[in-house]
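Trainee: First, the structure itself, so that you have it in front of you.
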Amino acid sequence: MNLPEHIAVIMDGNGRWAKKRFLPRMVGHRTGSENLKKLINDCDDLGLKHITFYAFSTENWKRSQEEVSNLMDLLREYLDDHIKNEKDNNFKIDFIGDMSKLAPDIQEKMVLVRKLYSTHKGIFVHIAMNYGSRDEITRAVRKISQEVRDGSFEPEDITEEMISSYLDTSSYPDPELLIRTSGEMRLSNFLMWQLAYSEFYFSDKLWPDFKIKDLLEAVEAYNNRERRFGGR
Ligand code: FPP
């Protein structure tokens, strides 16, 4: 099997998973978070190099205050668990998105986790937190304009490669495969620049039910597609 170097995942369906069981939405998120941990270790065993998960979008702030605050607490727990169990984990981890809008204690935990895990040898996990593609591109355009204004380069010098190098994902390859769970077929402002040539795979499984065997099915479907990048 030809394994992609980088897979991007939109984890959708926690709410519906809980609803089906007459449980609060938060139980769905919590089960989703446990599933995330398990899947990361399974992907590490598989030998995948990079995986990016959409955990919280720039639009998710519009959810009820209670749900936002519960998700932030879940993130705190998730980070604390990573700090405590650093020795048992083999993967590297970092975060994409605008961290500056997150609570200071969360930002501190993120910096610490990134640092603690930086010497690990396994899969590189990228968690998108307060991430939106339009926001990411807007931040990049601001930085580039600033440099043009400072005289570092001319507008004519701006290339696609240069723009990529100003994005949060500048240090690793674009995903070859995008997976979205729970049957929704939308990009929802996720990695729009980076997914320009990627294959899309939609699974009907709700996120807490999405296991490594489902991910392998997605990889198999990807293997059966012919990628032409606009050529013949
Ligand atoms: C989508 O389900 C899921 C989210 C908005 C949150 C994703 C978070 C996790 C999987 C938990 C891991 C979290 C952290 C903080 C590391 P939904 O609520 O949109 O589900 P629905 O569409 O069925 O209502």
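FYI, nothing fancy with the structure tokens labels: chains A, B, ... in order, residues from 1 per chain, ligands from 1 as they appear.
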Would you list the contacts of Lys49 (chain A) as a list in words, taking every protein, DNA or RNA residue within 9 Å and counting only C-alpha atoms, but skipping same-chain residues closer than 6 positions in sequence?
Mentor: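 Residues meeting the cut-off are Pro4, Glu5, His6, Ile7, Cys43, Gly122, Ile123, Phe124 and Val125 of chain A.
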Trainee: Generate a file of the selected residues that holds N, CA and C atoms, formatted as a PDB file, in the first residue's frame.
Mentor:
```
ATOM      1  N   PRO A   4       0.187   7.892   2.045  1.00  0.00           N
ATOM      2  CA  PRO A   4       0.478   9.320   1.838  1.00  0.00           C
ATOM      3  C   PRO A   4       1.476   9.789   2.891  1.00  0.00           C
ATOM      4  N   GLU A   5       2.150  10.882   2.600  1.00  0.00           N
ATOM      5  CA  GLU A   5       3.083  11.402   3.592  1.00  0.00           C
ATOM      6  C   GLU A   5       2.331  12.180   4.675  1.00  0.00           C
ATOM      7  N   HIS A   6       1.230  12.797   4.248  1.00  0.00           N
ATOM      8  CA  HIS A   6       0.477  13.674   5.154  1.00  0.00           C
ATOM      9  C   HIS A   6      -1.028  13.490   4.924  1.00  0.00           C
ATOM     10  N   ILE A   7      -1.754  13.201   5.979  1.00  0.00           N
ATOM     11  CA  ILE A   7      -3.221  13.093   5.910  1.00  0.00           C
ATOM     12  C   ILE A   7      -3.829  14.195   6.772  1.00  0.00           C
ATOM     13  N   CYS A  43      -1.692   5.506  14.070  1.00  0.00           N
ATOM     14  CA  CYS A  43      -1.070   6.084  12.860  1.00  0.00           C
ATOM     15  C   CYS A  43       0.440   6.093  12.996  1.00  0.00           C
ATOM     16  N   GLY A 122       8.635   9.857  16.319  1.00  0.00           N
ATOM     17  CA  GLY A 122       7.499   9.290  15.576  1.00  0.00           C
ATOM     18  C   GLY A 122       6.777  10.274  14.671  1.00  0.00           C
ATOM     19  N   ILE A 123       5.526   9.957  14.382  1.00  0.00           N
ATOM     20  CA  ILE A 123       4.674  10.771  13.509  1.00  0.00           C
ATOM     21  C   ILE A 123       4.583  12.211  14.031  1.00  0.00           C
ATOM     22  N   PHE A 124       4.512  13.168  13.114  1.00  0.00           N
ATOM     23  CA  PHE A 124       4.348  14.574  13.505  1.00  0.00           C
ATOM     24  C   PHE A 124       2.856  14.904  13.448  1.00  0.00           C
ATOM     25  N   VAL A 125       2.279  15.186  14.629  1.00  0.00           N
ATOM     26  CA  VAL A 125       0.853  15.484  14.735  1.00  0.00           C
ATOM     27  C   VAL A 125       0.668  16.998  14.765  1.00  0.00           C
TER      28      VAL A 125
END
```
Trainee: Can you pull out the residues contacting Phe202 (chain A)? Cut-off 12 Å, using only C-alpha atoms, and skip same-chain residues under 2 positions away; I want them as a PyMOL selection string.
Mentor: chain A and resi 8-12+177-187+199-200+204-207+210+214-215+217-219+221-222
Trainee: Env of Trp193 (chain A): 12 Å cut, atoms = only C-alpha atoms, seq-sep filter 2 positions within chain, self excluded. Answer as a ChimeraX atom specification.
Mentor: /A:132-138,140,160-161,163-170,173-175,187,189-191,195-198
Trainee: Within 6 Å of ligand 1, counting only C-alpha atoms and all ligand atoms: which residues, as an mmCIF file with N, CA and C atoms, in the first residue's frame?
Mentor:
```cif
data_model
loop_
_atom_site.group_PDB
_atom_site.id
_atom_site.type_symbol
_atom_site.label_atom_id
_atom_site.label_comp_id
_atom_site.auth_asym_id
_atom_site.auth_seq_id
_atom_site.Cartn_x
_atom_site.Cartn_y
_atom_site.Cartn_z
ATOM 1 N N MET A 11 -12.554 16.147 12.035
ATOM 2 C CA MET A 11 -13.218 15.251 12.999
ATOM 3 C C MET A 11 -14.628 15.773 13.243
ATOM 4 N N ASP A 12 -15.607 15.192 12.582
ATOM 5 C CA ASP A 12 -16.967 15.715 12.686
ATOM 6 C C ASP A 12 -17.904 14.621 13.209
ATOM 7 N N GLY A 13 -18.923 15.035 13.941
ATOM 8 C CA GLY A 13 -19.957 14.075 14.343
ATOM 9 C C GLY A 13 -19.986 13.714 15.820
ATOM 10 N N ASN A 14 -19.204 14.418 16.643
ATOM 11 C CA ASN A 14 -19.222 14.127 18.090
ATOM 12 C C ASN A 14 -20.615 14.362 18.675
ATOM 13 N N GLY A 15 -21.231 15.473 18.243
ATOM 14 C CA GLY A 15 -22.555 15.846 18.764
ATOM 15 C C GLY A 15 -23.586 14.789 18.419
ATOM 16 N N ARG A 16 -23.586 14.345 17.152
ATOM 17 C CA ARG A 16 -24.562 13.340 16.723
ATOM 18 C C ARG A 16 -24.318 11.990 17.404
ATOM 19 N N HIS A 29 -17.774 14.861 22.652
ATOM 20 C CA HIS A 29 -16.447 15.482 22.478
ATOM 21 C C HIS A 29 -15.380 14.711 23.264
ATOM 22 N N GLY A 32 -14.655 11.644 21.565
ATOM 23 C CA GLY A 32 -13.900 12.018 20.366
ATOM 24 C C GLY A 32 -12.436 12.280 20.689
ATOM 25 N N SER A 33 -12.203 12.888 21.835
ATOM 26 C CA SER A 33 -10.838 13.195 22.246
ATOM 27 C C SER A 33 -10.069 11.902 22.571
ATOM 28 N N ALA A 55 -9.381 20.591 15.234
ATOM 29 C CA ALA A 55 -9.983 20.439 16.559
ATOM 30 C C ALA A 55 -10.924 21.588 16.909
ATOM 31 N N PHE A 56 -10.583 22.815 16.453
ATOM 32 C CA PHE A 56 -11.429 23.965 16.805
ATOM 33 C C PHE A 56 -11.223 25.042 15.739
ATOM 34 N N LEU A 71 -15.137 22.832 25.613
ATOM 35 C CA LEU A 71 -14.108 22.384 24.658
ATOM 36 C C LEU A 71 -12.725 22.880 25.081
ATOM 37 N N LEU A 74 -11.565 20.743 27.828
ATOM 38 C CA LEU A 74 -11.138 19.449 27.277
ATOM 39 C C LEU A 74 -9.729 19.576 26.689
ATOM 40 N N LEU A 75 -9.476 20.705 26.034
ATOM 41 C CA LEU A 75 -8.139 20.937 25.478
ATOM 42 C C LEU A 75 -7.098 21.020 26.596
ATOM 43 N N TYR A 78 -6.443 17.593 27.722
ATOM 44 C CA TYR A 78 -5.699 16.892 26.672
ATOM 45 C C TYR A 78 -4.213 17.264 26.762
#
```
Trainee: Ile158 (chain A): which residues within 10 Å, counting only C-alpha atoms, same-chain residues fewer than 4 positions away excluded, as a compact mmCIF listing (two decimals) with N, CA, C and O atoms, in the first residue's frame?
Mentor:
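Listed below is the output, part-v8.txt:
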```txt
# COMPACT_ATOMS: atom_id res chain seq x y z
N ILE A 144 3.39 39.58 4.63
CA ILE A 144 4.05 39.84 3.35
C ILE A 144 3.98 41.34 3.02
O ILE A 144 4.98 41.94 2.62
N VAL A 148 6.95 44.04 2.19
CA VAL A 148 7.02 44.85 0.97
C VAL A 148 7.17 46.31 1.36
O VAL A 148 8.00 47.05 0.84
N PHE A 153 11.27 43.12 -0.27
CA PHE A 153 11.12 42.65 -1.65
C PHE A 153 10.00 43.42 -2.35
O PHE A 153 9.25 44.15 -1.71
N GLU A 154 9.91 43.20 -3.68
CA GLU A 154 8.91 43.89 -4.50
C GLU A 154 7.68 42.99 -4.66
O GLU A 154 7.82 41.76 -4.60
N MET A 162 6.51 31.36 -2.00
CA MET A 162 6.70 32.33 -0.93
C MET A 162 5.46 32.40 -0.04
O MET A 162 5.56 32.41 1.19
N ILE A 163 4.30 32.41 -0.67
CA ILE A 163 3.05 32.47 0.12
C ILE A 163 2.98 31.23 1.03
O ILE A 163 2.72 31.34 2.23
```
Trainee: How would you write, as a PyMOL selection string, the set of residues in region 36-192 of chain A that DSSP gives as alpha helix (DSSP H)?
Mentor: chain A and resi 36-46+65-84+104-116+133-149+160-165
Trainee: Got a sec: who's within 10 Å of region 79-94 of chain A, counting only C-alpha atoms, leaving out chain neighbours fewer than 2 positions off, as a ChimeraX atom specification?
Mentor: /A:37,40-41,43-45,49-52,73-77,96,106,109-128
Trainee: Have a look at CA of Met192 (chain A) and CA of Tyr54 (chain A) and let me know their distance in Å, one decimal.
Mentor: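 We find that CA of Met192 (chain A) and CA of Tyr54 (chain A) lie 12.6 Å from each other.
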Trainee: In Å, rounded to a single decimal, give me how far CA of Met129 (chain A) is from CA of Asp105 (chain A).
Mentor: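 CA of Met129 (chain A) lies 14.4 Å from CA of Asp105 (chain A).
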Trainee: Considering only C-alpha atoms, return as a list of chain:residue names whatever protein or nucleic-acid residues lie within 7 Å of region 58-61 of chain A, sequence-local ones (same chain, fewer than 5 positions apart) excluded.
Mentor: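 My list of contacting residues is A:Val68, A:Asn130, A:Tyr131, A:Gly132.
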Trainee: Just how far from CA of Leu216 (chain A) is CA of Leu46 (chain A), in Å to one decimal?
Mentor: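 For CA of Leu46 (chain A) relative to CA of Leu216 (chain A), the distance reads 9.6 Å.
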Trainee: According to DSSP computed on the backbone, where in region 31-210 of chain A is there strand (DSSP E)? Give the residues as a list in words.
Mentor: His50, Ile51, Thr52, Phe53, Tyr54, Ala55, Phe56, Ser57, Lys92, Ile93, Asp94, Phe95, Ile96, Phe124, Val125, His126, Ile127, Ala128, Met129, Asn130, Tyr131, Leu177, Leu178, Ile179, Arg180, Glu199, Phe200, Tyr201 and Phe202 of chain A
